[in-house]
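Listing of upload_13.cif; format and content: mmCIF, C-alpha atoms.
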data_entry
#
loop_
_atom_site.label_atom_id
_atom_site.label_comp_id
_atom_site.auth_asym_id
_atom_site.auth_seq_id
_atom_site.Cartn_x
_atom_site.Cartn_y
_atom_site.Cartn_z
CA MET A 6 171.07 42.17 66.06
CA ARG A 7 170.37 39.41 63.53
CA LYS A 8 169.29 40.25 59.99
CA VAL A 9 165.96 38.42 60.28
CA THR A 10 165.06 40.26 63.50
CA ALA A 11 165.98 43.59 61.97
CA GLU A 12 163.78 42.94 58.95
CA LEU A 13 160.87 41.93 61.18
CA ILE A 14 161.19 45.09 63.26
CA VAL A 15 161.27 47.31 60.19
CA LYS A 16 158.32 45.52 58.57
CA ASP A 17 156.00 45.37 61.58
CA PRO A 18 157.29 46.95 64.82
CA ALA A 19 153.98 46.43 66.64
CA LYS A 20 154.07 42.67 66.00
CA PHE A 21 157.64 42.40 67.21
CA ALA A 22 156.86 44.24 70.45
CA HIS A 23 153.69 42.19 70.97
CA HIS A 24 155.75 39.01 70.87
CA ASP A 25 157.91 40.06 73.85
CA ARG A 26 155.92 39.25 77.00
CA VAL A 27 158.75 39.98 79.41
CA PHE A 28 159.67 43.60 78.79
CA LEU A 29 158.08 45.36 75.83
CA ASN A 30 154.63 43.80 76.22
CA ASN A 31 154.58 42.71 79.85
CA PRO A 32 151.05 41.43 80.59
CA VAL A 33 150.81 43.41 83.83
CA VAL A 34 152.26 46.71 82.73
CA MET A 35 150.57 46.86 79.34
CA GLN A 36 147.28 45.04 79.84
CA GLY A 37 146.75 45.24 83.59
CA MET A 38 146.39 41.50 84.23
CA GLY A 39 147.06 39.79 87.55
CA LEU A 40 146.88 42.94 89.66
CA ALA A 41 145.21 41.62 92.83
CA PRO A 42 148.10 39.51 94.21
CA LEU A 43 150.60 42.18 93.16
CA VAL A 44 148.82 44.98 94.98
CA VAL A 45 147.98 43.16 98.19
CA LEU A 46 150.63 40.50 98.69
CA ALA A 47 153.81 41.52 96.93
CA THR A 48 154.90 43.37 100.07
CA SER A 49 158.20 41.55 100.56
CA GLY A 50 160.72 39.64 98.50
CA GLN A 51 159.78 36.42 100.30
CA ASN A 52 156.06 36.74 99.48
CA ALA A 53 156.84 37.66 95.90
CA VAL A 54 158.97 34.55 95.44
CA MET A 55 156.21 32.32 96.85
CA LEU A 56 153.65 33.87 94.50
CA ALA A 57 156.01 33.57 91.55
CA ALA A 58 156.53 29.87 92.34
CA ALA A 59 152.77 29.33 92.51
CA VAL A 60 152.24 31.06 89.18
CA ALA A 61 155.09 29.08 87.61
CA LEU A 62 153.49 25.81 88.74
CA LEU A 63 149.98 26.77 87.66
CA LEU A 64 150.24 28.80 84.50
CA VAL A 65 151.80 26.60 81.83
CA PRO A 66 150.14 23.27 82.76
CA SER A 67 146.70 24.83 83.14
CA ARG A 68 147.05 26.69 79.87
CA VAL A 69 147.96 23.49 78.05
CA VAL A 70 145.09 21.54 79.64
CA ALA A 71 142.63 24.32 78.85
CA CYS A 72 143.96 24.60 75.33
CA LEU A 73 143.42 20.88 74.71
CA LEU A 74 139.95 20.79 76.28
CA SER A 75 138.74 23.97 74.61
CA ARG A 76 139.17 22.27 71.24
CA LEU A 77 135.74 20.81 71.94
CA VAL A 78 134.25 24.31 71.64
CA PRO A 79 136.74 26.16 69.45
CA LEU A 80 136.52 29.84 68.50
CA ARG A 81 137.89 29.98 64.97
CA ASP A 82 137.26 33.54 63.77
CA GLU A 83 139.19 36.59 64.87
CA ASP A 84 135.85 38.38 65.17
CA PRO A 85 133.18 35.76 66.01
CA SER A 86 129.45 36.31 65.46
CA GLN A 87 127.07 37.08 68.35
CA GLU A 88 125.39 33.67 68.02
CA GLU A 89 128.68 31.82 68.24
CA LEU A 90 129.79 33.86 71.24
CA GLN A 91 126.53 33.23 73.08
CA LYS A 92 126.90 29.49 72.65
CA LYS A 93 130.63 29.06 73.21
CA LEU A 94 131.74 31.75 75.63
CA LEU A 95 130.39 30.19 78.82
CA PRO A 96 131.68 26.63 78.21
CA ARG A 97 135.07 28.03 77.24
CA ALA A 98 135.20 30.26 80.32
CA LEU A 99 134.36 27.28 82.54
CA ILE A 100 137.06 25.14 80.89
CA TYR A 101 139.61 27.89 81.42
CA ALA A 102 138.61 28.32 85.09
CA PHE A 103 138.40 24.61 85.96
CA SER A 104 141.78 23.70 84.44
CA PRO A 105 143.81 25.81 86.91
CA ALA A 106 141.62 24.50 89.75
CA VAL A 107 142.51 20.93 88.76
CA VAL A 108 146.20 21.78 88.36
CA TYR A 109 146.00 23.45 91.80
CA LEU A 110 145.22 20.02 93.31
CA ALA A 111 148.70 18.92 92.26
CA ALA A 112 150.46 22.26 92.78
CA TYR A 113 149.28 22.84 96.36
CA PRO A 114 151.09 19.87 97.97
CA ILE A 115 154.32 20.86 96.19
CA LEU A 116 154.08 24.48 97.40
CA ASN A 117 153.16 23.26 100.86
CA ALA A 118 156.21 20.99 101.00
CA VAL A 119 158.55 23.75 99.84
CA PHE A 120 157.26 26.77 101.78
CA GLY A 121 155.45 25.13 104.72
CA THR A 122 153.56 27.53 106.98
CA GLY A 123 154.85 30.54 105.05
CA LEU A 124 152.19 29.66 102.51
CA LEU A 125 149.49 30.71 104.99
CA SER A 126 150.51 34.34 104.59
CA LEU A 127 149.22 34.22 101.03
CA GLY A 128 145.69 33.68 102.40
CA ILE A 129 142.89 33.80 99.87
CA TYR A 130 145.15 35.04 97.09
CA LEU A 131 146.66 31.62 96.41
CA PRO A 132 143.36 29.90 95.49
CA LEU A 133 142.36 33.15 93.80
CA LEU A 134 145.09 32.69 91.20
CA THR A 135 142.86 30.13 89.49
CA VAL A 136 140.53 32.81 88.09
CA GLU A 137 143.23 35.41 87.48
CA PRO A 138 142.81 36.86 83.94
CA LEU A 139 146.49 36.07 83.44
CA LEU A 140 145.57 32.37 83.38
CA THR A 141 142.11 32.58 81.87
CA TYR A 142 142.18 35.46 79.38
CA ARG A 143 142.37 33.13 76.36
CA PHE A 144 138.78 31.95 76.73
CA GLY A 145 137.39 34.84 74.67
CA ARG A 146 140.15 34.67 72.05
CA VAL A 147 140.89 32.51 69.00
CA GLN A 148 141.78 28.85 69.60
CA GLU A 149 145.55 28.48 70.04
CA THR A 150 147.88 25.55 69.35
CA VAL A 151 149.58 23.60 72.14
CA HIS A 152 152.98 24.83 70.98
CA LYS A 153 151.85 28.46 71.28
CA ALA A 154 150.23 27.78 74.65
CA VAL A 155 153.53 26.47 76.04
CA SER A 156 155.77 29.17 74.59
CA LYS A 157 153.46 32.07 75.46
CA GLY A 158 152.77 30.57 78.87
CA LEU A 159 156.49 30.39 79.66
CA ARG A 160 157.13 33.95 78.52
CA ILE A 161 154.18 35.29 80.52
CA THR A 162 155.36 33.39 83.61
CA VAL A 163 158.81 34.97 83.35
CA GLY A 164 157.35 38.44 82.77
CA TYR A 165 154.96 38.18 85.70
CA ALA A 166 157.53 36.67 88.08
CA LEU A 167 159.98 39.43 87.21
CA LEU A 168 157.45 42.13 88.04
CA LEU A 169 156.37 40.32 91.23
CA VAL A 170 159.90 40.11 92.59
CA LEU A 171 160.71 43.67 91.52
CA LEU A 172 157.59 45.11 93.16
CA GLY A 173 158.07 42.90 96.24
CA CYS A 174 161.60 44.18 96.76
CA VAL A 175 160.71 47.84 96.09
CA ARG A 176 157.80 47.72 98.54
CA GLU A 177 159.79 45.86 101.18
CA TRP A 178 162.54 48.46 100.86
CA LEU A 179 160.10 51.40 101.04
CA SER A 180 158.05 50.05 103.92
CA ALA A 181 160.68 48.34 106.09
CA GLY A 182 164.05 49.44 104.74
CA THR A 183 165.09 45.87 103.93
CA VAL A 184 165.36 43.65 100.87
CA PHE A 185 164.84 39.91 101.45
CA GLY A 186 165.31 40.63 105.16
CA ALA A 187 168.72 42.30 104.77
CA ALA A 188 168.89 45.95 105.83
CA VAL A 189 169.35 48.45 102.99
CA GLY A 190 169.64 52.09 103.97
CA SER A 191 169.04 53.42 107.44
CA ARG A 192 165.23 53.75 107.71
CA ALA A 193 161.86 53.05 106.12
CA LEU A 194 161.00 55.76 103.62
CA LEU A 195 157.31 55.08 103.06
CA PRO A 196 155.64 52.77 105.62
CA MET A 197 152.37 53.04 103.67
CA ALA A 198 153.87 50.94 100.87
CA SER A 199 152.99 47.71 102.70
CA MET A 200 149.25 48.46 102.61
CA PRO A 201 147.05 47.83 99.57
CA ALA A 202 146.62 51.58 99.01
CA GLY A 203 150.38 52.01 98.94
CA GLY A 204 150.56 48.96 96.68
CA PHE A 205 148.29 50.61 94.11
CA ILE A 206 150.33 53.78 94.14
CA VAL A 207 153.78 52.14 94.00
CA LEU A 208 152.59 49.78 91.24
CA GLY A 209 151.16 52.73 89.29
CA VAL A 210 154.45 54.60 89.45
CA LEU A 211 156.41 51.45 88.59
CA CYS A 212 154.15 50.86 85.56
CA ALA A 213 154.70 54.40 84.34
CA VAL A 214 158.49 54.08 84.61
CA TRP A 215 158.37 50.67 82.92
CA ARG A 216 156.23 52.02 80.07
CA ALA A 217 158.53 54.96 79.52
CA LEU A 218 161.57 52.64 79.41
CA ALA A 219 159.78 50.21 77.07
CA LYS A 220 158.94 53.06 74.71
CA LYS A 221 162.56 54.23 74.68
CA ARG A 222 163.77 50.69 74.01
CA ARG A 223 161.30 50.25 71.15
CA GLU A 224 162.38 53.46 69.51
CA TYR A 225 166.03 52.47 69.87
CA LEU A 226 165.41 49.01 68.38
CA GLU A 227 163.49 50.44 65.44
CA LYS A 228 166.26 52.94 64.69
CA GLU A 229 168.95 50.25 64.91
CA ALA A 230 166.98 47.87 62.73
CA ARG A 231 166.34 50.50 60.08
CA SER A 232 169.98 51.43 59.78
CA LEU A 233 171.03 47.76 59.73
CA VAL A 234 168.60 46.97 56.91
CA ALA A 235 169.79 50.03 54.98
CA VAL A 236 173.42 48.91 55.33
CA ASN A 237 172.52 45.41 54.15
CA HIS A 238 170.75 46.79 51.09
CA GLN A 239 173.79 48.86 50.25
CA LYS A 240 176.08 45.84 50.54
CA GLU A 241 173.83 43.75 48.35
CA ALA A 242 173.72 46.53 45.74
CA GLU A 243 177.53 46.69 45.72
CA HIS A 244 177.82 42.91 45.28
CA GLY A 245 175.31 43.11 42.45
CA GLU A 246 177.55 45.48 40.53
CA MET B 1 109.08 37.85 114.13
CA ARG B 2 112.16 38.63 116.22
CA ASP B 3 114.25 36.18 114.17
CA VAL B 4 113.21 37.87 110.95
CA VAL B 5 114.25 41.27 112.29
CA ILE B 6 117.58 39.96 113.55
CA THR B 7 118.32 38.15 110.29
CA SER B 8 117.50 41.14 108.13
CA ALA B 9 119.47 43.49 110.39
CA GLU B 10 122.43 41.14 110.11
CA PHE B 11 122.01 40.96 106.33
CA PHE B 12 122.04 44.73 105.91
CA SER B 13 124.80 45.44 108.39
CA TYR B 14 127.09 42.93 106.63
CA ALA B 15 126.09 44.41 103.28
CA VAL B 16 127.11 47.89 104.47
CA LEU B 17 130.33 46.44 105.89
CA ALA B 18 131.15 44.94 102.49
CA VAL B 19 130.35 48.13 100.58
CA PHE B 20 132.45 50.52 102.65
CA ALA B 21 134.71 49.16 105.38
CA GLN B 22 135.75 46.02 103.47
CA ASN B 23 135.20 47.15 99.90
CA ALA B 24 136.33 44.39 97.56
CA VAL B 25 138.36 46.72 95.36
CA PHE B 26 139.77 49.29 97.74
CA THR B 27 140.77 47.09 100.66
CA ARG B 28 141.45 43.71 99.04
CA ALA B 29 142.06 44.64 95.39
CA LEU B 30 139.68 41.88 94.28
CA GLY B 31 138.71 42.10 90.63
CA VAL B 32 140.95 45.09 89.87
CA SER B 33 142.21 43.59 86.61
CA ARG B 34 138.63 43.22 85.44
CA LEU B 35 137.79 46.76 86.59
CA VAL B 36 140.70 48.29 84.71
CA GLN B 37 139.64 46.48 81.53
CA LEU B 38 135.98 47.37 82.04
CA VAL B 39 136.72 51.07 82.34
CA GLY B 40 138.71 51.05 79.10
CA ASP B 41 136.16 48.94 77.24
CA ASP B 42 133.34 50.97 75.69
CA ARG B 43 131.48 47.93 74.35
CA THR B 44 130.62 46.55 77.78
CA SER B 45 128.18 48.53 79.87
CA SER B 46 129.34 49.01 83.46
CA TRP B 47 125.75 48.97 84.69
CA LEU B 48 124.90 45.61 83.10
CA PHE B 49 128.18 44.18 84.36
CA GLY B 50 127.48 45.43 87.88
CA LEU B 51 123.92 44.10 87.83
CA GLN B 52 125.06 40.67 86.69
CA LEU B 53 127.87 40.64 89.26
CA CYS B 54 125.46 41.46 92.12
CA ILE B 55 123.00 38.75 91.03
CA THR B 56 125.82 36.21 90.78
CA GLN B 57 127.21 37.14 94.21
CA VAL B 58 123.81 36.82 95.88
CA LEU B 59 123.13 33.44 94.26
CA VAL B 60 126.61 32.04 94.84
CA ALA B 61 126.80 32.92 98.55
CA PRO B 62 124.40 30.23 99.89
CA ILE B 63 125.60 27.51 97.49
CA ALA B 64 129.22 28.21 98.35
CA TRP B 65 128.39 28.32 102.07
CA TYR B 66 126.90 24.82 101.95
CA ALA B 67 129.72 23.56 99.73
CA GLY B 68 132.28 25.08 102.09
CA SER B 69 130.67 23.43 105.10
CA GLY B 70 130.70 20.18 103.16
CA ILE B 71 134.48 20.15 102.70
CA ALA B 72 135.30 21.73 106.09
CA PRO B 73 135.86 18.38 107.90
CA LEU B 74 138.27 17.10 105.22
CA ALA B 75 142.01 17.20 105.85
CA ASN B 76 142.89 18.44 102.36
CA ARG B 77 140.25 21.17 102.24
CA ALA B 78 142.76 23.91 101.35
CA GLN B 79 143.68 21.92 98.28
CA LEU B 80 140.06 21.43 97.22
CA ARG B 81 138.90 25.01 97.76
CA PRO B 82 139.25 26.46 94.24
CA LEU B 83 137.67 23.43 92.61
CA VAL B 84 134.66 23.36 94.95
CA TYR B 85 134.01 27.09 94.80
CA ILE B 86 134.43 27.29 91.03
CA ALA B 87 131.95 24.43 90.79
CA SER B 88 129.49 26.48 92.89
CA ILE B 89 129.97 29.44 90.58
CA ALA B 90 129.48 27.14 87.58
CA VAL B 91 126.13 25.98 88.97
CA VAL B 92 124.98 29.59 89.27
CA CYS B 93 126.29 30.31 85.76
CA PHE B 94 124.23 27.52 84.27
CA ALA B 95 121.11 28.70 86.10
CA GLU B 96 121.58 32.28 84.87
CA TYR B 97 122.33 31.06 81.37
CA ALA B 98 119.14 28.95 81.33
CA VAL B 99 117.04 31.92 82.48
CA LEU B 100 118.55 34.22 79.87
CA TRP B 101 118.13 31.57 77.18
CA LEU B 102 114.44 31.12 77.94
CA ALA B 103 113.60 34.82 78.41
CA LYS B 104 113.69 35.70 74.72
CA GLY B 105 112.07 39.12 75.10
CA LEU B 106 114.43 40.43 77.76
CA PRO B 107 116.06 43.80 76.95
CA HIS B 108 119.87 43.68 76.50
CA ARG B 109 119.65 39.87 76.36
CA SER B 110 122.59 39.32 74.00
CA ALA B 111 124.80 41.75 75.94
CA LEU B 112 123.91 39.98 79.19
CA LEU B 113 124.75 36.60 77.66
CA ARG B 114 128.15 37.91 76.59
CA ILE B 115 128.89 39.49 79.98
CA LEU B 116 127.77 36.41 81.97
CA PRO B 117 131.10 34.54 82.04
CA LEU B 118 133.05 37.76 82.68
CA ALA B 119 130.85 38.73 85.61
CA ALA B 120 130.86 35.28 87.17
CA LEU B 121 134.39 33.93 86.77
CA ASN B 122 136.41 36.78 88.19
CA SER B 123 138.42 37.24 91.33
CA CYS B 124 135.78 39.48 92.92
CA VAL B 125 133.20 36.66 93.08
CA LEU B 126 135.64 33.90 94.06
CA GLY B 127 137.49 36.19 96.47
CA THR B 128 134.31 37.20 98.28
CA VAL B 129 133.32 33.58 98.70
CA LEU B 130 136.77 32.74 100.10
CA VAL B 131 136.66 35.70 102.50
CA GLU B 132 133.27 34.57 103.79
CA ARG B 133 134.78 31.18 104.54
CA THR B 134 138.03 32.40 106.14
CA GLN B 135 136.10 34.80 108.42
CA SER B 136 133.62 32.00 109.34
CA PHE B 137 130.48 33.94 108.48
CA THR B 138 127.10 32.30 109.02
CA LEU B 139 124.75 31.75 106.10
CA GLY B 140 122.87 35.04 106.62
CA GLN B 141 126.08 37.00 107.07
CA SER B 142 127.60 35.48 103.93
CA TRP B 143 124.51 36.38 101.96
CA GLY B 144 124.60 40.00 103.09
CA PHE B 145 128.36 40.20 102.56
CA GLY B 146 128.03 38.80 99.02
CA PHE B 147 125.33 41.31 98.11
CA GLY B 148 127.29 44.20 99.60
CA SER B 149 130.46 43.09 97.89
CA GLY B 150 128.69 43.27 94.53
CA LEU B 151 127.38 46.76 95.33
CA GLY B 152 130.82 47.84 96.53
CA TYR B 153 132.33 46.68 93.25
CA VAL B 154 129.74 48.71 91.31
CA LEU B 155 130.60 51.73 93.47
CA ALA B 156 134.27 51.30 92.61
CA VAL B 157 133.51 50.92 88.89
CA LEU B 158 131.42 54.10 88.93
CA LEU B 159 134.08 56.08 90.81
CA VAL B 160 136.75 55.07 88.31
CA THR B 161 134.50 55.55 85.24
CA GLU B 162 133.59 59.01 86.53
CA ALA B 163 137.23 60.05 86.55
CA ARG B 164 138.08 58.38 83.23
CA HIS B 165 138.02 61.53 81.11
CA ARG B 166 140.12 63.44 83.59
CA LEU B 167 142.59 60.56 83.78
CA ARG B 168 143.13 60.88 80.02
CA SER B 169 143.85 64.59 80.24
CA LYS B 170 146.85 66.09 78.48
CA ALA B 171 148.05 67.53 81.77
CA ILE B 172 149.13 64.03 82.88
CA PRO B 173 152.65 62.98 81.79
CA GLU B 174 152.42 60.65 78.81
CA ALA B 175 153.94 57.62 80.55
CA PHE B 176 151.31 57.84 83.30
CA ARG B 177 148.29 58.10 81.02
CA GLY B 178 145.95 55.08 81.04
CA LEU B 179 146.69 52.19 83.41
CA PRO B 180 149.37 53.76 85.69
CA ILE B 181 147.37 56.85 86.63
CA THR B 182 144.25 54.71 87.12
CA LEU B 183 146.15 52.59 89.64
CA VAL B 184 147.43 55.66 91.49
CA TYR B 185 143.87 57.06 91.53
CA ILE B 186 142.47 53.81 92.99
CA GLY B 187 145.26 53.94 95.58
CA VAL B 188 144.25 57.43 96.66
CA LEU B 189 140.60 56.38 96.89
CA ALA B 190 141.66 53.39 99.00
CA LEU B 191 143.48 55.76 101.34
CA ALA B 192 140.26 57.73 101.71
CA ILE B 193 138.50 54.53 102.82
CA TYR B 194 141.20 53.90 105.46
CA GLY B 195 140.32 57.39 106.71
CA PHE B 196 137.20 56.14 108.39
CA THR B 197 137.97 52.48 109.06
CA GLY B 198 141.71 52.29 109.64
CA HIS B 199 143.50 49.44 107.95
CA SER B 200 142.60 46.36 109.94
CA VAL B 201 141.19 44.10 107.26
CA ILE B 202 141.88 40.41 107.59
CA LEU B 203 143.19 39.20 104.27
#
Can you turn what I pasted into structure tokens?
Amino acid sequence: MRKVTAELIVKDPAKFAHHDRVFLNNPVVMQGMGLAPLVVLATSGQNAVMLAAAVALLLVPSRVVACLLSRLVPLRDEDPSQEELQKKLLPRALIYAFSPAVVYLAAYPILNAVFGTGLLSLGIYLPLLTVEPLLTYRFGRVQETVHKAVSKGLRITVGYALLLVLLGCVREWLSAGTVFGAAVGSRALLPMASMPAGGFIVLGVLCAVWRALAKKRREYLEKEARSLVAVNHQKEAEHGE
Amino acid sequence: MRDVVITSAEFFSYAVLAVFAQNAVFTRALGVSRLVQLVGDDRTSSWLFGLQLCITQVLVAPIAWYAGSGIAPLANRAQLRPLVYIASIAVVCFAEYAVLWLAKGLPHRSALLRILPLAALNSCVLGTVLVERTQSFTLGQSWGFGFGSGLGYVLAVLLVTEARHRLRSKAIPEAFRGLPITLVYIGVLALAIYGFTGHSVIL
């Protein structure tokens, strides 16, 4: 662990964890964003990969476009007044919903060329990604910079894709006894896992396990950081003498 | 007279279909992210949100039906879908906003204005519109389905809100408290719905 990281963790552990969108603060597990495609469609590794590709193509460009356009109606305060919200919330929401729809125009032919008819199995959930809170949640928050939009967008994409593929593989294994089409184990353990109801339940259990692991990891990091900072202080004191 | 009876019968039967057999939340998981946030958010009233969502669904259905028919002959219609349907929702948003802006004396006006974008631009509204198109509903059927879908969403919100206190109970393992147990609970409710319809929903 680097000294700077250790000092940050000791000073403000919540801020450090908040920064990590892949594991410690995964947008799905911690905030419950982007659940619909996960629950219904992440039933096999193949589907999960297609969804992840679609999210990767849509999320960052649409976030940058929306970020640039929403400068016309910026929200500057952390806690805006009622009047300001009434005037700016709707235009901002529309900007954040239209940007993915425009990016979709370019993303759809690419997905179509790569996945062909397989794309049809995504049904209504592919166009539905355009209003997913994962892509649009910034409309009610403070105006962000382009740099932040890109870096956060990339981290969220990785975090979401990871969960998609993980859930897709777990559900495929439970419902069909295969992973990416290859047989694993001798039989299907839980055929219900391929249905939306099973999706809710498997995702719920997965979230709980993930949260427990994230908590453990946070505690470990904080302990490590504290001891590292203490050692550094001691060293500096010795040099001082 | 006969036409009126047939149309209204169709409207109500599709509304009932959308509330129970094809509930937006329990069978298609539409708008679950919003629902989970709504249940945890004490500032936003579930009733006002549900009311606004129903109104939006009813108003969007005919506009989206005409817009959908408009792009149906085009070769790249799949590509245009989100843009066209979000534009339909935007039209409804502006109409609702204008009404709320003019009706100064309306109770809960400021709360309704704040909820408006949340209740309109979510995957429940867009998803319902897309389902109506993929299942080739007629105008009357779409209208009924949209209305029922809104009611079905409210039903789901109420069922989850009802259980909220129990879902926070100390008897639940700490890692499960909050979002994970809510998801498991929705899953069990969804299973109950399969009990009387079977799972044969076209996605």
Can you tell me which residues surround segment 103-117 of chain B at a distance of at most 7 Å, considering all atoms listed in the file, apart from same-chain residues fewer than 6 positions away, and format the answer as a list in words?
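Listing them by chain and then by number gives Leu90, Gln91, Leu95 and Ala98 of chain A; Leu48, Phe49 and Gln52 of chain B.
Note that atom CA of Asn122 of chain B and atom CA of Leu208 of chain A are 21.0 Å apart.
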Take the PyMOL selection byres ((chain B and resi 16-25) around 7), run it mentally on this structure, and tell me the resulting residues as a ChimeraX atom specification.
/B:12-15,26-32,124,145,148-149,151-153,156,197,201
Using all atoms listed in the file, which residue out of B:Ala90, B:Val60, B:Leu38, B:Ile186 lies closest to Leu130 of chain B?
B:Val60
Could you list the residues chosen by the PyMOL selection byres ((chain B) within 6 of (chain A)) in this structure as a VMD selection string?
chain B and resid 29 to 30 33 79 82 to 83 113 117 122 to 123 175 to 176 180 183 to 184 187 190 to 191
Find the residues near Leu159 of chain A: any atom within 9 Å, counting all atoms listed in the file, skip ones fewer than 3 places away on the same chain, and give them as an NGL selection string.
:A and (61 or 64-65 or 154-156 or 162-164)
My list of candidates is B:Thr134, B:Val99, B:Gly40, B:Leu53. Which is closest to Val160 of chain B when distances are computed with only C-alpha atoms?
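Ranked by minimum distance to Val160 of chain B, first place goes to B:Gly40.
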Can you work out the spacing between atom CA of Val188 of chain B and atom CA of Glu162 of chain B in Å, to one decimal?
14.8 Å
Taking the file as shown, find all residues satisfying the PyMOL selection byres ((chain B and resi 66) around 12) and write them as an NGL selection string.
:B and (60-65 or 67-72 or 84-85 or 88 or 129 or 132-133 or 137-140 or 142-143)
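When atom CA of Ala193 of chain A is paired with atom CA of Ala181 of chain A, their separation reads 4.9 Å.
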Considering only C-alpha atoms, can you say which of B:Ala87, B:Val125, B:Leu59, B:Leu35 comes closest to Leu179 of chain B?
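Looking at the shortest contact to Leu179 of chain B, the residue is B:Leu35.
Near Leu194 of chain A, within 10 Å and counting all atoms listed in the file, sit Trp178, Leu179, Ser180, Ala181 and Gly182 of chain A, not including residues fewer than 6 positions from it in the same chain.
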